[in-house]
$ cat coords_18.txt   # compact mmCIF, C-alpha atoms and all ligand atoms
# COMPACT_ATOMS: atom_id res chain seq x y z
CA MET A 985 -46.94 11.18 2.99
CA ARG A 986 -44.40 8.52 2.03
CA SER A 987 -46.83 6.50 -0.14
CA TYR A 988 -49.79 6.94 -2.47
CA SER A 989 -52.23 4.57 -4.20
CA LEU A 990 -53.62 5.66 -7.53
CA ILE A 991 -56.35 4.40 -9.83
CA ALA A 992 -55.27 4.25 -13.50
CA PRO A 993 -58.26 3.76 -15.85
CA ALA A 994 -58.13 2.17 -19.32
CA LYS A 995 -59.31 4.07 -22.39
CA ILE A 996 -61.25 3.14 -25.49
CA ASN A 997 -61.35 4.93 -28.84
CA LEU A 998 -64.85 5.94 -29.86
CA TYR A 999 -63.32 7.35 -33.03
CA LEU A 1000 -59.95 6.91 -34.75
CA GLU A 1001 -59.24 8.44 -38.13
CA ILE A 1002 -55.81 8.44 -39.77
CA LEU A 1003 -55.30 11.61 -41.80
CA GLY A 1004 -51.76 11.10 -43.03
CA ASP A 1005 -48.03 11.00 -42.33
CA ARG A 1006 -46.12 13.45 -40.14
CA PRO A 1007 -42.49 14.48 -40.59
CA ASP A 1008 -41.68 12.92 -37.17
CA GLY A 1009 -42.70 9.45 -38.42
CA TYR A 1010 -45.99 9.34 -36.49
CA HIS A 1011 -49.43 9.56 -38.09
CA GLU A 1012 -51.63 12.65 -38.03
CA LEU A 1013 -54.79 11.50 -36.23
CA VAL A 1014 -58.26 12.54 -35.15
CA MET A 1015 -59.38 10.46 -32.18
CA ILE A 1016 -62.15 10.61 -29.63
CA LEU A 1017 -60.94 9.00 -26.43
CA GLN A 1018 -62.98 7.79 -23.48
CA SER A 1019 -61.89 6.62 -20.01
CA ILE A 1020 -63.58 3.54 -18.60
CA ASP A 1021 -63.70 2.18 -15.06
CA LEU A 1022 -61.67 -0.94 -15.88
CA ALA A 1023 -58.53 0.19 -14.06
CA ASP A 1024 -55.13 -0.78 -12.64
CA LYS A 1025 -54.10 0.19 -9.12
CA ILE A 1026 -50.63 1.72 -8.74
CA ASP A 1027 -48.92 1.91 -5.34
CA LEU A 1028 -46.03 4.36 -5.04
CA ARG A 1029 -43.68 4.32 -2.07
CA ALA A 1030 -40.66 6.48 -1.31
CA ILE A 1031 -37.61 4.31 -0.57
CA SER A 1032 -34.30 5.30 0.96
CA THR A 1033 -32.03 4.13 -1.88
CA ASP A 1034 -31.90 6.37 -4.97
CA THR A 1035 -33.32 3.71 -7.30
CA ILE A 1036 -36.56 3.12 -9.21
CA ARG A 1037 -38.12 -0.30 -8.68
CA VAL A 1038 -41.13 -1.75 -10.52
CA HIS A 1039 -43.16 -4.79 -9.50
CA CYS A 1040 -46.26 -6.13 -11.25
CA ASP A 1041 -48.54 -9.01 -10.31
CA ASN A 1042 -48.70 -10.00 -14.00
CA ALA A 1043 -45.50 -11.72 -15.20
CA GLN A 1044 -46.12 -10.60 -18.81
CA VAL A 1045 -45.50 -6.98 -17.82
CA PRO A 1046 -41.79 -6.08 -17.90
CA ALA A 1047 -40.31 -4.96 -14.56
CA ASP A 1048 -37.29 -3.27 -16.16
CA LYS A 1049 -36.62 0.07 -17.87
CA SER A 1050 -38.97 -0.84 -20.73
CA ASN A 1051 -41.95 -0.50 -18.38
CA LEU A 1052 -43.70 2.80 -19.13
CA ALA A 1053 -44.21 3.34 -15.38
CA TYR A 1054 -40.43 3.08 -14.91
CA ARG A 1055 -39.89 5.54 -17.77
CA ALA A 1056 -42.28 8.00 -16.13
CA ALA A 1057 -40.37 7.83 -12.82
CA GLU A 1058 -37.04 8.15 -14.65
CA LEU A 1059 -38.32 11.25 -16.47
CA MET A 1060 -39.39 12.84 -13.16
CA ALA A 1061 -35.98 12.05 -11.61
CA LYS A 1062 -34.24 13.66 -14.59
CA GLN A 1063 -36.54 16.67 -14.61
CA PHE A 1064 -36.43 17.26 -10.82
CA PRO A 1065 -33.00 15.99 -9.69
CA GLU A 1066 -33.09 17.97 -6.41
CA SER A 1067 -36.39 16.37 -5.35
CA PHE A 1068 -35.07 12.93 -6.36
CA ALA A 1069 -32.03 13.55 -4.15
CA GLN A 1070 -34.18 14.92 -1.29
CA TYR A 1071 -36.93 12.29 -1.25
CA GLY A 1072 -34.93 9.26 -2.42
CA GLY A 1073 -36.07 6.55 -4.82
CA VAL A 1074 -39.50 5.20 -5.68
CA GLU A 1075 -40.98 1.73 -5.52
CA ILE A 1076 -43.85 1.22 -7.98
CA THR A 1077 -46.23 -1.72 -7.55
CA ILE A 1078 -48.69 -2.33 -10.39
CA HIS A 1079 -51.85 -4.35 -9.71
CA LYS A 1080 -52.94 -5.24 -13.28
CA LYS A 1081 -56.56 -5.47 -14.29
CA ILE A 1082 -56.29 -3.86 -17.75
CA PRO A 1083 -55.42 -6.52 -20.34
CA ILE A 1084 -51.95 -6.10 -21.88
CA ALA A 1085 -51.27 -5.09 -25.50
CA ALA A 1086 -55.01 -4.77 -25.91
CA GLY A 1087 -55.51 -1.29 -27.42
CA LEU A 1088 -56.69 -0.02 -24.01
CA ALA A 1089 -53.62 2.11 -23.15
CA GLY A 1090 -52.81 0.14 -19.98
CA GLY A 1091 -49.10 1.03 -20.00
CA SER A 1092 -49.82 4.69 -20.84
CA SER A 1093 -52.28 4.94 -17.97
CA ASN A 1094 -49.73 3.41 -15.56
CA ALA A 1095 -47.17 6.01 -16.69
CA ALA A 1096 -49.71 8.81 -16.15
CA ALA A 1097 -50.39 7.52 -12.61
CA VAL A 1098 -46.67 7.56 -11.81
CA LEU A 1099 -46.35 11.19 -12.98
CA VAL A 1100 -49.34 12.23 -10.84
CA GLY A 1101 -48.11 10.15 -7.87
CA ILE A 1102 -44.54 11.46 -7.91
CA ASP A 1103 -45.85 15.02 -8.18
CA LEU A 1104 -47.67 14.35 -4.86
CA LEU A 1105 -44.84 12.35 -3.27
CA TRP A 1106 -42.28 15.10 -3.98
CA LYS A 1107 -44.77 17.95 -3.29
CA LEU A 1108 -43.98 19.53 -6.69
CA GLY A 1109 -47.40 21.13 -7.19
CA LEU A 1110 -47.35 20.74 -11.00
CA THR A 1111 -50.43 21.88 -12.95
CA GLN A 1112 -52.37 19.46 -15.15
CA SER A 1113 -50.92 21.02 -18.29
CA GLU A 1114 -47.35 20.76 -16.91
CA LEU A 1115 -47.99 17.08 -16.15
CA GLN A 1116 -49.41 16.60 -19.66
CA GLU A 1117 -46.33 18.20 -21.23
CA LEU A 1118 -44.14 15.68 -19.41
CA ALA A 1119 -46.58 12.91 -20.33
CA ALA A 1120 -46.21 13.66 -24.06
CA GLN A 1121 -42.49 12.80 -23.77
CA ILE A 1122 -43.43 9.24 -22.74
CA GLY A 1123 -46.12 8.43 -25.31
CA SER A 1124 -48.98 9.83 -27.38
CA ASP A 1125 -51.78 8.43 -25.15
CA VAL A 1126 -50.20 9.46 -21.81
CA PRO A 1127 -51.43 13.12 -21.77
CA PHE A 1128 -55.03 11.93 -22.24
CA CYS A 1129 -54.66 9.41 -19.42
CA ILE A 1130 -53.75 12.22 -16.96
CA ALA A 1131 -57.05 14.10 -17.45
CA GLY A 1132 -59.24 11.24 -18.69
CA GLY A 1133 -62.96 11.62 -19.32
CA THR A 1134 -64.03 12.24 -22.92
CA ALA A 1135 -61.75 14.19 -25.25
CA ILE A 1136 -60.95 14.80 -28.88
CA ALA A 1137 -57.26 14.24 -29.63
CA THR A 1138 -55.42 15.55 -32.68
CA GLY A 1139 -51.81 15.71 -33.84
CA ARG A 1140 -50.26 12.36 -32.93
CA GLY A 1141 -52.93 12.12 -30.22
CA GLU A 1142 -51.34 14.43 -27.68
CA GLN A 1143 -53.29 17.64 -28.47
CA LEU A 1144 -56.45 17.42 -26.40
CA SER A 1145 -59.76 19.27 -26.20
CA PRO A 1146 -62.20 18.05 -23.55
CA LEU A 1147 -65.75 17.04 -24.53
CA PRO A 1148 -68.78 16.70 -22.22
CA SER A 1149 -68.42 13.53 -20.15
CA LEU A 1150 -70.36 10.36 -20.98
CA ASP A 1151 -70.41 8.57 -17.64
CA ASN A 1152 -73.96 7.23 -18.11
CA LEU A 1153 -73.02 4.69 -20.82
CA TYR A 1154 -71.87 1.09 -20.40
CA ILE A 1155 -69.61 -1.02 -22.49
CA VAL A 1156 -68.87 -4.70 -22.78
CA LEU A 1157 -65.25 -5.47 -23.66
CA GLY A 1158 -64.00 -8.69 -25.19
CA LYS A 1159 -60.45 -9.88 -25.74
CA HIS A 1160 -58.96 -13.26 -26.59
CA ARG A 1161 -56.24 -13.89 -24.01
CA SER A 1162 -53.91 -15.46 -26.59
CA LEU A 1163 -54.20 -12.55 -29.06
CA ALA A 1164 -52.01 -9.44 -29.05
CA VAL A 1165 -51.77 -6.89 -31.86
CA SER A 1166 -48.65 -4.77 -32.19
CA THR A 1167 -49.58 -1.09 -32.49
CA VAL A 1168 -46.49 -0.51 -34.67
CA TRP A 1169 -47.57 -3.33 -37.02
CA ALA A 1170 -51.13 -1.98 -37.29
CA TYR A 1171 -50.05 1.56 -38.22
CA SER A 1172 -47.28 0.48 -40.60
CA THR A 1173 -49.62 -1.96 -42.37
CA TYR A 1174 -52.21 0.81 -42.65
CA ARG A 1175 -49.57 3.11 -44.19
CA ALA A 1176 -48.49 0.42 -46.67
CA THR A 1177 -52.09 -0.35 -47.69
CA PHE A 1178 -53.87 3.00 -47.52
CA GLY A 1179 -51.02 5.55 -47.71
CA HIS A 1180 -52.28 6.57 -51.17
CA THR A 1181 -55.56 7.84 -49.62
CA TYR A 1182 -53.83 10.19 -47.15
CA THR A 1183 -55.19 13.72 -47.34
CA ARG A 1184 -52.38 15.19 -49.41
CA ASN A 1185 -54.68 16.63 -52.04
CA ILE A 1186 -58.08 18.30 -52.11
CA GLN A 1187 -59.72 15.50 -54.07
CA ASN A 1188 -58.91 13.02 -51.33
CA LEU A 1189 -59.90 15.51 -48.64
CA GLU A 1190 -63.36 15.84 -50.19
CA SER A 1191 -63.92 12.12 -50.59
CA ARG A 1192 -62.72 11.40 -47.07
CA ALA A 1193 -64.90 14.16 -45.64
CA GLN A 1194 -67.87 12.19 -46.94
CA ALA A 1195 -66.60 8.88 -45.65
CA VAL A 1196 -65.92 9.91 -42.06
CA HIS A 1197 -67.93 11.72 -39.46
CA SER A 1198 -65.95 13.00 -36.49
CA GLY A 1199 -68.18 16.13 -36.51
CA SER A 1200 -71.38 14.12 -36.19
CA MET A 1201 -69.79 12.01 -33.43
CA VAL A 1202 -68.93 15.18 -31.50
CA LYS A 1203 -72.52 16.37 -31.98
CA ALA A 1204 -73.87 13.04 -30.67
CA ILE A 1205 -71.59 13.32 -27.60
CA ILE A 1206 -72.70 16.90 -26.90
CA HIS A 1207 -76.34 15.69 -27.06
CA GLU A 1208 -75.44 12.67 -24.86
CA ASP A 1209 -77.24 10.53 -27.47
CA GLY A 1210 -75.94 7.01 -26.75
CA ALA A 1211 -77.75 5.39 -29.71
CA GLU A 1212 -76.33 7.99 -32.13
CA ILE A 1213 -72.81 7.68 -30.66
CA ALA A 1214 -73.04 3.94 -31.31
CA GLN A 1215 -73.91 4.61 -34.96
CA LYS A 1216 -70.92 6.92 -35.42
CA LEU A 1217 -68.22 4.66 -33.94
CA HIS A 1218 -65.29 4.60 -36.35
CA ASN A 1219 -61.80 3.10 -36.39
CA ASP A 1220 -59.63 3.17 -39.55
CA LEU A 1221 -57.32 0.49 -38.09
CA GLU A 1222 -60.13 -2.09 -38.35
CA LYS A 1223 -59.40 -2.13 -42.10
CA VAL A 1224 -56.04 -3.81 -41.50
CA VAL A 1225 -56.60 -5.68 -38.21
CA LEU A 1226 -59.94 -7.41 -38.95
CA PRO A 1227 -58.82 -9.20 -42.14
CA GLU A 1228 -55.64 -10.42 -40.39
CA TYR A 1229 -57.34 -11.50 -37.14
CA PRO A 1230 -60.59 -13.41 -37.94
CA LYS A 1231 -61.32 -13.92 -34.21
CA VAL A 1232 -61.50 -10.15 -33.72
CA SER A 1233 -63.87 -9.86 -36.66
CA GLN A 1234 -66.02 -12.71 -35.32
CA LEU A 1235 -66.18 -11.09 -31.87
CA ARG A 1236 -67.27 -7.78 -33.38
CA GLN A 1237 -70.07 -9.57 -35.29
CA ALA A 1238 -71.13 -11.43 -32.13
CA PHE A 1239 -71.44 -8.11 -30.24
CA GLN A 1240 -73.55 -6.67 -33.04
CA ALA A 1241 -75.79 -9.73 -33.12
CA SER A 1242 -76.32 -9.53 -29.33
CA GLY A 1243 -78.41 -6.38 -29.13
CA ALA A 1244 -75.67 -3.83 -28.42
CA ASN A 1245 -76.23 -0.34 -29.88
CA GLY A 1246 -72.90 -0.61 -31.71
CA ALA A 1247 -69.54 -2.39 -31.63
CA MET A 1248 -66.00 -1.38 -32.59
CA MET A 1249 -62.39 -2.42 -32.13
CA SER A 1250 -60.50 -0.17 -29.67
CA GLY A 1251 -57.23 1.43 -30.85
CA SER A 1252 -55.06 -1.11 -32.65
CA GLY A 1253 -57.01 -3.97 -31.06
CA PRO A 1254 -57.50 -6.80 -30.46
CA THR A 1255 -60.05 -5.64 -27.83
CA VAL A 1256 -63.54 -5.11 -29.21
CA PHE A 1257 -66.17 -3.18 -27.27
CA ALA A 1258 -69.94 -2.99 -27.47
CA LEU A 1259 -71.75 0.19 -26.50
CA CYS A 1260 -74.88 -0.14 -24.33
CA THR A 1261 -77.18 2.49 -22.88
CA SER A 1262 -77.98 0.57 -19.66
CA LEU A 1263 -76.39 -1.92 -17.30
CA GLU A 1264 -79.17 -4.44 -18.01
CA GLN A 1265 -78.48 -4.25 -21.73
CA ALA A 1266 -74.73 -4.70 -21.08
CA GLN A 1267 -75.44 -7.79 -18.95
CA GLN A 1268 -77.60 -9.29 -21.71
CA VAL A 1269 -74.96 -8.62 -24.36
CA HIS A 1270 -72.29 -10.16 -22.10
CA GLN A 1271 -74.38 -13.30 -21.61
CA GLN A 1272 -75.30 -13.66 -25.26
CA VAL A 1273 -71.75 -13.21 -26.58
CA ARG A 1274 -70.61 -15.87 -24.10
CA GLN A 1275 -73.17 -18.23 -25.70
CA ILE A 1276 -72.22 -17.36 -29.29
CA ILE A 1277 -68.47 -17.75 -28.57
CA PRO A 1278 -68.05 -20.31 -25.75
CA ASP A 1279 -64.24 -20.16 -26.18
CA PRO A 1280 -62.52 -20.18 -22.72
CA ASP A 1281 -59.75 -18.05 -24.28
CA LEU A 1282 -62.21 -15.14 -24.57
CA ASP A 1283 -62.32 -12.73 -21.61
CA LEU A 1284 -65.34 -10.45 -21.26
CA TRP A 1285 -65.80 -7.46 -18.95
CA ILE A 1286 -68.58 -4.99 -18.29
CA ALA A 1287 -67.36 -1.44 -17.66
CA ARG A 1288 -68.80 2.02 -17.34
CA MET A 1289 -67.51 5.13 -19.03
CA CYS A 1290 -66.01 7.51 -16.49
CA SER A 1291 -65.46 11.24 -16.38
CA GLY A 1292 -62.03 11.41 -14.74
CA GLY A 1293 -58.48 10.24 -15.33
CA ILE A 1294 -55.92 9.33 -12.67
CA GLN A 1295 -57.41 9.40 -9.14
CA VAL A 1296 -55.79 9.06 -5.73
CA SER A 1297 -57.55 6.11 -4.09
P1 LIG B 1 -52.01 1.42 -26.56
O1 LIG B 1 -53.50 1.31 -26.58
O2 LIG B 1 -51.48 2.70 -25.95
O3 LIG B 1 -51.34 1.06 -27.85
P2 LIG B 1 -51.91 -1.14 -25.38
O4 LIG B 1 -53.06 -1.21 -24.42
O5 LIG B 1 -52.14 -1.74 -26.72
O6 LIG B 1 -51.47 0.35 -25.51
P3 LIG B 1 -50.11 -1.89 -23.28
O7 LIG B 1 -50.95 -2.75 -22.42
O8 LIG B 1 -49.81 -0.52 -22.82
O9 LIG B 1 -50.68 -1.83 -24.77
O10 LIG B 1 -48.76 -2.69 -23.55
C1 LIG B 1 -48.05 -2.73 -24.75
C2 LIG B 1 -46.66 -3.32 -24.46
O11 LIG B 1 -45.96 -2.42 -23.59
C3 LIG B 1 -46.76 -4.64 -23.72
O12 LIG B 1 -46.46 -5.68 -24.61
C4 LIG B 1 -45.74 -4.55 -22.59
O13 LIG B 1 -44.65 -5.41 -22.80
C5 LIG B 1 -45.23 -3.13 -22.60
N1 LIG B 1 -45.43 -2.41 -21.33
C6 LIG B 1 -44.57 -1.53 -20.81
N2 LIG B 1 -45.04 -1.01 -19.65
C7 LIG B 1 -46.22 -1.58 -19.41
C8 LIG B 1 -47.18 -1.44 -18.36
N3 LIG B 1 -46.95 -0.64 -17.32
N4 LIG B 1 -48.32 -2.16 -18.45
C9 LIG B 1 -48.52 -2.97 -19.52
N5 LIG B 1 -47.64 -3.15 -20.52
C10 LIG B 1 -46.50 -2.46 -20.49
$ encode --input "coords_18.txt" --output "structure tokens" --more "lines below"
Ligand code: ATP
Amino acid sequence: MRSYSLIAPAKINLYLEILGDRPDGYHELVMILQSIDLADKIDLRAISTDTIRVHCDNAQVPADKSNLAYRAAELMAKQFPESFAQYGGVEITIHKKIPIAAGLAGGSSNAAAVLVGIDLLWKLGLTQSELQELAAQIGSDVPFCIAGGTAIATGRGEQLSPLPSLDNLYIVLGKHRSLAVSTVWAYSTYRATFGHTYTRNIQNLESRAQAVHSGSMVKAIIHEDGAEIAQKLHNDLEKVVLPEYPKVSQLRQAFQASGANGAMMSGSGPTVFALCTSLEQAQQVHQQVRQIIPDPDLDLWIARMCSGGIQVS
């Protein structure tokens, strides 16, 4: 085959706890990540010139080397120069549905799709763990995006252990089109404000163990208890993003007032999601939040949790 189309799902964080600093400058994290069926479509086509080209139907997405999809193709070309020479270049077309700079790992998921697609295009036959090793060189969220589903992520987010899938739950997502939160800003502000609470000593470890509950979230997931999962949603980054972005805070309150089981900001925001145990409930929450915040700048989506990562369409 000379071309492939791939589905690249977004992710949300059901849980995000910052444990402390790492020598490599990243943070040591505990996250629970979940794929959702809000997804981009990525078309990959072999071309005769030995170049990498990126097109996207959203002008806000860069089409140059800074695009994570480009970086994924470049990494494959570097890693497998003989295949690059044999099969020629790659044209990548991104059909964007995932909002940009939204805390939903859109760019990471696009990069994961390019790794999976080039593996097929060049008939490399890489295993999932080999693809994930390459993915970690592009970004912390990229290995998760390859496998998708529900997983607990540690380290800087690249060490993954799968959890039972939660594809029977619905979420409503909300994002103000004009708002974007820089992930780098969110983590560096967190470090500046809460660095003193990092788990460098036992005293802090004990107090934080009481404050957070990744273990009880894992238990709720294993029991597929949607209502309990909603109670255990946690994101440390809310502590810095919500005070700085009142619209994000207001949206979170509106979700909670609309009958959702729980609401939380995803990743570094500004997307907020509400967790619902049925499609009917999600539709009601969607309608009610629209009434509470009639701002045309606010986009709302209903999505379903999904059990897989990158799929060939
Ligand atoms: P994360 O949750 O991993 O922090 P995000 O969802 O907040 O990611 P992205 O949508 O991946 O953020 O985009 C962040 C920035 O990366 C954008 O401002 C954009 O300029 C750049 N970018 C590079 N490649 C892509 C891509 N393929 N799709 C979207 N944005 C991209």
$ residues_near_ligand --input "coords_18.txt" --ligand "ligand LIG 1 (chain B)" --cutoff "7 Å" --atoms "all atoms listed in the file" --output "PyMOL selection string"
chain A and resi 1044-1046+1050-1053+1083-1092+1094-1095+1125+1167+1251-1253
$ write_last_selection --input "coords_18.txt" --atoms "C-alpha atoms" --output "compact mmCIF listing (two decimals), keeping the file's coordinate frame"
# COMPACT_ATOMS: atom_id res chain seq x y z
CA GLN A 1044 -46.12 -10.60 -18.81
CA VAL A 1045 -45.50 -6.98 -17.82
CA PRO A 1046 -41.79 -6.08 -17.90
CA SER A 1050 -38.97 -0.84 -20.73
CA ASN A 1051 -41.95 -0.50 -18.38
CA LEU A 1052 -43.70 2.80 -19.13
CA ALA A 1053 -44.21 3.34 -15.38
CA PRO A 1083 -55.42 -6.52 -20.34
CA ILE A 1084 -51.95 -6.10 -21.88
CA ALA A 1085 -51.27 -5.09 -25.50
CA ALA A 1086 -55.01 -4.77 -25.91
CA GLY A 1087 -55.51 -1.29 -27.42
CA LEU A 1088 -56.69 -0.02 -24.01
CA ALA A 1089 -53.62 2.11 -23.15
CA GLY A 1090 -52.81 0.14 -19.98
CA GLY A 1091 -49.10 1.03 -20.00
CA SER A 1092 -49.82 4.69 -20.84
CA ASN A 1094 -49.73 3.41 -15.56
CA ALA A 1095 -47.17 6.01 -16.69
CA ASP A 1125 -51.78 8.43 -25.15
CA THR A 1167 -49.58 -1.09 -32.49
CA GLY A 1251 -57.23 1.43 -30.85
CA SER A 1252 -55.06 -1.11 -32.65
CA GLY A 1253 -57.01 -3.97 -31.06
$ axis_aligned_box --input "coords_18.txt" --around "region 1152-1167 of chain A" --padding-each-side "6 Å" --output "JSON"
{"center_x": -61.3, "center_y": -4.1, "center_z": -25.3, "size_x": 37.3, "size_y": 34.7, "size_z": 26.4}
$ atom_distance --input "coords_18.txt" --atom1 "CA of Gln1121 (chain A)" --atom2 "CA of Thr1173 (chain A)"
24.8 Å
$ atom_distance --input "coords_18.txt" --atom1 "CA of Asp1041 (chain A)" --atom2 "CA of Pro1280 (chain A)"
21.8 Å
$ closest_atom_pairs --input "coords_18.txt" --of "region 1009-1095 of chain A" --to "region 1177-1182 of chain A" --cutoff "12 Å" --atoms "all atoms listed in the file" --output "CSV"
residue,atom,partner,partner_atom,distance
A:His1011,CA,A:Tyr1182,CA,10.1
A:Glu1012,CA,A:Tyr1182,CA,9.7
A:Leu1013,CA,A:Tyr1182,CA,11.0
$ closest_residue --input "coords_18.txt" --among "A:Gly1292, A:Pro1254, A:Gly1109, A:Gly1141" --to "Ser1162 (chain A)" --atoms "only C-alpha atoms"
A:Pro1254
$ closest_residue --input "coords_18.txt" --among "A:Glu1066, A:Glu1117, A:Glu1075, A:Asp1151" --to "Met1289 (chain A)" --atoms "only C-alpha atoms"
A:Asp1151
$ residues_around --input "coords_18.txt" --residues "region 1212-1216 of chain A" --least-positions-apart "5" --cutoff "6 Å" --atoms "all atoms listed in the file" --output "NGL selection string"
:A and (1201 or 1204 or 1245-1246)
$ atom_distance --input "coords_18.txt" --atom1 "CA of Tyr1071 (chain A)" --atom2 "CA of Gln1112 (chain A)"
22.0 Å
$ residues_around --input "coords_18.txt" --residues "Thr1261 (chain A)" --least-positions-apart "5" --cutoff "7 Å" --atoms "all atoms listed in the file" --output "number ranges by chain"
A: 1153-1154, 1210
$ residues_around --input "coords_18.txt" --residues "Ser1198 (chain A)" --least-positions-apart "2" --cutoff "10 Å" --atoms "all atoms listed in the file" --output "number ranges by chain"
A: 998-1001, 1014-1016, 1136, 1193, 1196, 1200-1204, 1216-1218
$ closest_residue --input "coords_18.txt" --among "A:Asp1021, A:Glu1114, A:Glu1142, A:Asp1034" --to "Gly1073 (chain A)" --atoms "all atoms listed in the file"
A:Asp1034
$ closest_residue --input "coords_18.txt" --among "A:Pro1065, A:Pro1007, A:Gly1123, A:Gly1158" --to "Trp1285 (chain A)" --atoms "all atoms listed in the file"
A:Gly1158
$ residues_around --input "coords_18.txt" --residues "Ile1026 (chain A)" --least-positions-apart "3" --cutoff "10 Å" --atoms "all atoms listed in the file" --output "list in words"
Tyr988, Ser989, Leu990, Ile991, Ala992, Ala1023, Arg1029, His1039, Cys1040, Ala1053, Ile1076, Thr1077, Ile1078, His1079, Lys1080, Ser1093, Asn1094, Ala1095, Ala1097, Val1098, Gly1101, Val1296 and Ser1297 of chain A
$ closest_residue --input "coords_18.txt" --among "A:Val1038, A:Met1060, A:Ala994, A:Ala1176" --to "Leu1104 (chain A)" --atoms "only C-alpha atoms"
A:Met1060
$ closest_residue --input "coords_18.txt" --among "A:Ser1242, A:Gln1234, A:Thr1033, A:Ser1291" --to "Gln1267 (chain A)" --atoms "all atoms listed in the file"
A:Ser1242
$ build_atoms --input "coords_18.txt" --residues "region 1128-1139 of chain A" --atoms "N, CA and C atoms" --output "short mmCIF file (atom, residue, chain, number, x, y, z; two decimals), in the coordinates of the input"
data_model
loop_
_atom_site.label_atom_id
_atom_site.label_comp_id
_atom_site.auth_asym_id
_atom_site.auth_seq_id
_atom_site.Cartn_x
_atom_site.Cartn_y
_atom_site.Cartn_z
N PHE A 1128 -53.59 12.18 -22.45
CA PHE A 1128 -55.03 11.93 -22.24
C PHE A 1128 -55.27 11.20 -20.92
N CYS A 1129 -54.44 10.21 -20.62
CA CYS A 1129 -54.66 9.41 -19.42
C CYS A 1129 -54.59 10.24 -18.14
N ILE A 1130 -53.83 11.34 -18.14
CA ILE A 1130 -53.75 12.22 -16.96
C ILE A 1130 -55.13 12.80 -16.65
N ALA A 1131 -55.78 13.39 -17.67
CA ALA A 1131 -57.05 14.10 -17.45
C ALA A 1131 -58.24 13.17 -17.57
N GLY A 1132 -58.17 12.22 -18.49
CA GLY A 1132 -59.24 11.24 -18.69
C GLY A 1132 -60.54 11.85 -19.16
N GLY A 1133 -61.64 11.16 -18.90
CA GLY A 1133 -62.96 11.62 -19.32
C GLY A 1133 -63.19 11.34 -20.79
N THR A 1134 -63.76 12.34 -21.48
CA THR A 1134 -64.03 12.24 -22.92
C THR A 1134 -63.29 13.39 -23.58
N ALA A 1135 -62.52 13.11 -24.63
CA ALA A 1135 -61.75 14.19 -25.25
C ALA A 1135 -61.51 13.89 -26.72
N ILE A 1136 -61.36 14.96 -27.49
CA ILE A 1136 -60.95 14.80 -28.88
C ILE A 1136 -59.44 15.05 -28.92
N ALA A 1137 -58.73 14.16 -29.59
CA ALA A 1137 -57.26 14.24 -29.63
C ALA A 1137 -56.83 14.39 -31.08
N THR A 1138 -55.94 15.35 -31.33
CA THR A 1138 -55.42 15.55 -32.68
C THR A 1138 -53.89 15.51 -32.63
N GLY A 1139 -53.26 15.86 -33.76
CA GLY A 1139 -51.81 15.71 -33.84
C GLY A 1139 -51.49 14.22 -33.84
#
